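Asker: Dumping the structure here so I can ask a few things about it.
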There are 2 protein chains.
Amino acid sequence: MITRHSPPVTRHPFDPASILAGDRRALARLLTQVENGAAEAALAALFPHTGRAHRVGVTGAPGTGKSSLVNELTKVLRRRGQTAAIVAVDPTSPFTGGAILGDRIRMRDLAGDPGVFIRSMASRGALGGLARATADVVQVLDAAGFTTILIETVGAGQSEVEIARTAHTVVVVEAPGLGDEVQGLKAGILEIADVLVVNKIDRPGAEAAVRALRSSLEIGHSAAGPTDAAAWMPPILQTVATRSEGIDELAEAVARHRAYLQETGLDREQERARLAADLEARLRDRLFAQWQTRLGDGQYRRVLDKLLKREVDPAGAVRQLLETAGT
Amino acid sequence: MITRHSPPVTRHPFDPASILAGDRRALARLLTQVENGAAEAALAALFPHTGRAHRVGVTGAPGTGKSSLVNELTKVLRRRGQTAAIVAVDPTSPFTGGAILGDRIRMRDLAGDPGVFIRSMASRGALGGLARATADVVQVLDAAGFTTILIETVGAGQSEVEIARTAHTVVVVEAPGLGDEVQGLKAGILEIADVLVVNKIDRPGAEAAVRALRSSLEIGHSAAGPTDAAAWMPPILQTVATRSEGIDELAEAVARHRAYLQETGLDREQERARLAADLEARLRDRLFAQWQTRLGDGQYRRVLDKLLKREVDPAGAVRQLLETAGT
């Protein structure tokens, strides 16, 4: 019988230079550690080298052809001399094989190009964990020198909004005939869009979809009050990703949005807000963990039991626990 | 010129007895205070009277006919001698007038019945805030003695999952022809479903939708490993809400799920997990607020500035801040 040992943790010691020099195997290895939350030292070492990439979020409901659009956009960016990393995030559970299928098509299209790096991330456990892991993966890819990082997420829920917040520029993808436009559903997601794409415009209902989107945008714009002449108005682009139509215009719009951010200084504001939110989340986690350690398990469980019996209300339970731990 | 004074805050002093006695005007007034986060004392006073209602979450994409279904279910529950409160939550932004339209139809259907109470909540500001406010509103309605509380939410994102967590029983509504089933999108939401409904089964594609749902369920079930014979298998119901078809069966399934929870003791486990999560969220908020007060604003901003200049990495910033505040 063969006894199996886990490999020693020092087997692949982290070398920031290898990442900065573009070593792809070192990069893939580090990203796995990052996803497992076991790369704090590496993230700290790479942090000074971050902040240069253009982070572009691409989101939209399933069936809009988001992945094909990201692939085509990547090819155009490459022709324009950029390098690109794609982070495909699926916040829905690994219940179906959708992500794997999408990856195969993607690999066939883009594999072999040394200026392209692809990473898929599926939800494992808490969603908050996925958003954090995604942000960390993007940091590493930024340090690794990719000029554009495309963060692709499924759907239109809060999770995607959180992940998109990592981006400088958010592209929202729609398609005709998905039934959404009737409901005015896209409300929440329209507000985060910097560039709108109606993909599959060779399909029936395309004109109606574009019209509906335009009027939603105008309502939102006027609801926001009198607008600054310099304000960014999200353009609505029309594409057929499977035939590479409209992709140059999309790359243009994305580049224009970045220039707009830089000229107005909004990129600095964005960056500050992003780092502040990240800092606060980390502090909250740490403060709670420290407090729990001080308190001990038994006391926490006793108060929870009283809560369950309705002997104390939630606000009272908080007071009791904070007093006990002498905070 | 008439000088306007804001009404004194003591104008409607809170009287728990009025809520417990079923005073609807007092209830409506209190719920507004709860939504504004200004009812801590009232929530504490009512807390001992909570924990009796059956909390039923109803969720599904727009266009599935969720609201009509909730209305019809309410009528059936009323005929069975129950009282019902409906909390309609729209986590998408108030960009469109969808919620208001839905409310009008609802009011026409159910207004005038003293055993029914309806409350709509739209997202204002942070989503976390909406989930908290919804949980508090449900608490008050529970204390007010409604036997069933129907929590209706739009969509399938993380926000809805969080709000549905407030419920004992989660009903997920689908409809044919929305394009979702093709994509196997419902993954995340299937996992939280206790009862599945395919509404609008008079429409084309109904059979395919039911079949797709059944096979997704079976995959999920077998993926979960060998199952306990006593485990709950979500039934798939077929309804046409606009013609009141299948609603009795839905009410049955919801009642059966509640009985199942009670017989297995899962209802106590659920309640404990819910209260524990609520307690933790409150503690995190309080600990962070206390810490911020101790630290002072200037110090926080200085570290954030260093972070922005990449002079310190995020983990290092956390260490510096925690040391400064002597935690």
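In the structure tokens, chains take letters A, B, ... by order of appearance, with residues numbered from 1 within each chain and ligands from 1 in the order shown.
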Select from region 9-85 of chain A everything DSSP, run on the backbone, classes as strand (DSSP E or B), then give the selection as a ChimeraX atom specification.
Answerer: /A:54-60,84-85
Asker: Export, as a compact mmCIF listing (two decimals), in the first residue's frame, the selected residues with N, CA, C and O atoms.
Answerer:
# COMPACT_ATOMS: atom_id res chain seq x y z
N HIS A 54 -6.56 48.35 -17.71
CA HIS A 54 -7.94 48.82 -17.86
C HIS A 54 -8.84 47.63 -17.54
O HIS A 54 -8.85 46.64 -18.25
N ARG A 55 -9.60 47.75 -16.46
CA ARG A 55 -10.48 46.66 -16.03
C ARG A 55 -11.87 46.88 -16.62
O ARG A 55 -12.54 47.86 -16.31
N VAL A 56 -12.30 45.95 -17.49
CA VAL A 56 -13.58 46.09 -18.19
C VAL A 56 -14.52 44.97 -17.75
O VAL A 56 -14.21 43.80 -17.94
N GLY A 57 -15.63 45.31 -17.13
CA GLY A 57 -16.63 44.32 -16.75
C GLY A 57 -17.60 44.10 -17.90
O GLY A 57 -18.00 45.05 -18.57
N VAL A 58 -17.96 42.85 -18.17
CA VAL A 58 -18.95 42.55 -19.21
C VAL A 58 -20.02 41.70 -18.57
O VAL A 58 -19.74 40.60 -18.08
N THR A 59 -21.26 42.20 -18.54
CA THR A 59 -22.31 41.43 -17.87
C THR A 59 -23.59 41.46 -18.69
O THR A 59 -23.77 42.31 -19.57
N GLY A 60 -24.47 40.53 -18.43
CA GLY A 60 -25.72 40.41 -19.17
C GLY A 60 -26.34 39.06 -18.88
O GLY A 60 -25.67 38.16 -18.38
N ALA A 84 -4.54 40.83 -23.22
CA ALA A 84 -5.82 40.73 -22.52
C ALA A 84 -5.89 39.51 -21.64
O ALA A 84 -5.47 38.42 -22.02
N ALA A 85 -6.43 39.72 -20.43
CA ALA A 85 -6.75 38.59 -19.56
C ALA A 85 -8.27 38.54 -19.42
O ALA A 85 -8.91 39.58 -19.28
Asker: Could you list, as a list of chain:residue names, every residue within 12 Å of Gln290 (chain B), counting only C-alpha atoms and ignoring same-chain residues fewer than 3 positions away?
Answerer: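 So the residues in contact are A:Arg284, A:Leu287, A:Phe288, A:Leu322, A:Thr327, B:Leu283, B:Arg284, B:Asp285, B:Arg286, B:Leu287, B:Thr293, B:Arg294, B:Leu295, B:Gly296, B:Ala325, B:Thr327.
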Asker: Compile the contact shell of Leu30 (chain B) as a PyMOL selection string: residues with an atom at most 9 Å away, counting only C-alpha atoms, same-chain residues fewer than 3 positions apart removed.
Answerer: chain B and resi 14+19+25-27+33-35+39+42+140
Asker: Export C-alpha atoms of the chosen residues as a PDB file, in the first residue's frame?
Answerer:
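Result file follows (part28.pdb):
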ATOM      1  CA  PHE B  14     -45.688  53.484  19.836  1.00  0.00           C
ATOM      2  CA  ILE B  19     -50.218  46.229  16.965  1.00  0.00           C
ATOM      3  CA  ARG B  25     -53.420  52.195  11.004  1.00  0.00           C
ATOM      4  CA  ALA B  26     -50.959  51.737  13.857  1.00  0.00           C
ATOM      5  CA  LEU B  27     -49.442  48.858  11.890  1.00  0.00           C
ATOM      6  CA  GLN B  33     -40.857  53.774  10.862  1.00  0.00           C
ATOM      7  CA  VAL B  34     -39.343  50.312  10.489  1.00  0.00           C
ATOM      8  CA  GLU B  35     -38.499  50.977   6.840  1.00  0.00           C
ATOM      9  CA  ALA B  39     -38.226  51.642  15.252  1.00  0.00           C
ATOM     10  CA  ALA B  42     -40.845  48.875  18.891  1.00  0.00           C
ATOM     11  CA  VAL B 140     -43.755  43.209  12.827  1.00  0.00           C
TER      12      VAL B 140
END
Asker: Extract, using only C-alpha atoms, all DNA, RNA and protein residues at most 8 Å from Met121 (chain A), discarding same-chain residues fewer than 3 positions from it, and format them as a ChimeraX atom specification.
Answerer: /A:87-90,134
Asker: For all heavy atoms, I'd like the residues from the last selection saved as a CSV table (one decimal), in the first residue's frame.
Answerer:
chain,number,residue,atom,x,y,z
A,87,VAL,N,-11.3,37.0,-17.2
A,87,VAL,CA,-11.7,36.4,-16.0
A,87,VAL,C,-13.2,36.1,-16.1
A,87,VAL,O,-14.0,37.0,-16.1
A,87,VAL,CB,-11.5,37.2,-14.7
A,87,VAL,CG1,-11.8,36.5,-13.4
A,87,VAL,CG2,-10.0,37.6,-14.7
A,88,ALA,N,-13.6,34.8,-16.3
A,88,ALA,CA,-15.0,34.5,-16.5
A,88,ALA,C,-15.6,34.0,-15.1
A,88,ALA,O,-15.2,33.0,-14.6
A,88,ALA,CB,-15.2,33.4,-17.5
A,89,VAL,N,-16.5,34.8,-14.6
A,89,VAL,CA,-17.0,34.5,-13.3
A,89,VAL,C,-18.5,34.0,-13.4
A,89,VAL,O,-19.3,34.6,-14.0
A,89,VAL,CB,-17.0,35.7,-12.4
A,89,VAL,CG1,-17.3,35.4,-10.9
A,89,VAL,CG2,-15.7,36.4,-12.5
A,90,ASP,N,-18.8,32.8,-12.8
A,90,ASP,CA,-20.2,32.4,-12.8
A,90,ASP,C,-20.7,32.3,-11.3
A,90,ASP,O,-20.4,31.3,-10.6
A,90,ASP,CB,-20.2,31.0,-13.4
A,90,ASP,CG,-21.7,30.5,-13.6
A,90,ASP,OD1,-22.6,31.2,-13.1
A,90,ASP,OD2,-21.9,29.5,-14.3
A,134,THR,N,-12.4,37.1,-6.9
A,134,THR,CA,-12.3,37.8,-8.2
A,134,THR,C,-11.4,39.0,-8.2
A,134,THR,O,-10.6,39.2,-9.0
A,134,THR,CB,-13.7,38.1,-8.7
A,134,THR,OG1,-14.5,36.9,-8.7
A,134,THR,CG2,-13.7,38.7,-10.1
Asker: Name the closest residue to Pro114 (chain B) among the candidates B:Gln139, B:Thr83, B:Thr264, B:Thr32; distances are taken between atoms, counting only C-alpha atoms.
Answerer: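 Comparing B:Gln139, B:Thr83, B:Thr264, B:Thr32 against Pro114 (chain B), the winner is B:Thr83.
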Asker: Go through B:Ala17, B:Ile118, B:Leu250, B:Val173 and flag the residue nearest Ala61 (chain B), using only C-alpha atoms for the distances.
Answerer: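 With only C-alpha atoms as the atom set, the closest residue is B:Val173.
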Asker: For a quick check of understanding, using only C-alpha atoms, which of B:Ala53, B:Leu190, B:Val137, B:Ala241 has the smallest distance to chain A?
Answerer: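 Closest to chain A, using only C-alpha atoms: B:Leu190.
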Asker: With only C-alpha atoms as the atoms that count, which of B:Ala45, B:Leu237, B:Val172, B:Val254 lies nearest to chain A?
Answerer: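 Under the stated criterion, the closest residue is B:Ala45.
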Asker: Please list as a short mmCIF file (atom, residue, chain, number, x, y, z; two decimals) with C-alpha atoms, in the first residue's frame every residue within 12 Å of Pro234 (chain B), counting only C-alpha atoms and excluding residues in the same chain fewer than 6 positions away.
Answerer:
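Generated output (out00.cif):
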data_model
loop_
_atom_site.label_atom_id
_atom_site.label_comp_id
_atom_site.auth_asym_id
_atom_site.auth_seq_id
_atom_site.Cartn_x
_atom_site.Cartn_y
_atom_site.Cartn_z
CA THR B 169 -40.82 27.80 2.66
CA VAL B 170 -39.54 29.09 -0.67
CA VAL B 171 -41.76 28.88 -3.76
CA VAL B 172 -39.92 29.38 -7.04
CA LEU B 190 -33.42 25.66 -7.78
CA GLU B 191 -31.27 24.93 -4.78
CA ILE B 192 -33.32 27.20 -2.56
CA ALA B 193 -36.73 25.99 -3.85
CA ASP B 194 -39.02 23.99 -1.58
CA VAL B 195 -41.93 24.15 -4.00
CA LEU B 196 -41.66 24.72 -7.75
CA VAL B 197 -44.42 26.21 -9.84
CA LEU B 213 -37.27 21.49 -14.52
CA ARG B 214 -37.81 17.87 -13.52
CA SER B 216 -32.63 19.65 -13.41
CA LEU B 217 -34.15 18.66 -10.10
CA GLU B 218 -33.16 15.04 -10.54
CA GLY B 220 -29.38 18.17 -8.43
CA HIS B 221 -30.87 15.49 -6.27
CA LEU B 250 -50.14 25.03 -4.37
CA ALA B 253 -47.90 21.84 -1.09
CA VAL B 254 -46.98 24.90 0.98
CA ARG B 256 -47.21 20.08 3.49
CA HIS B 257 -43.78 21.66 3.50
CA TYR B 260 -42.50 18.50 7.10
#
Asker: In Å to one decimal, how far is CA of Thr324 (chain A) from CA of Arg301 (chain A)?
Answerer: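 Those two atoms sit 13.1 Å apart.
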Asker: One decimal, in Å: what's the spacing between CA of Pro48 (chain A) and CA of Glu311 (chain B)?
Answerer: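 Result for CA of Pro48 (chain A) versus CA of Glu311 (chain B): 7.2 Å, one decimal.
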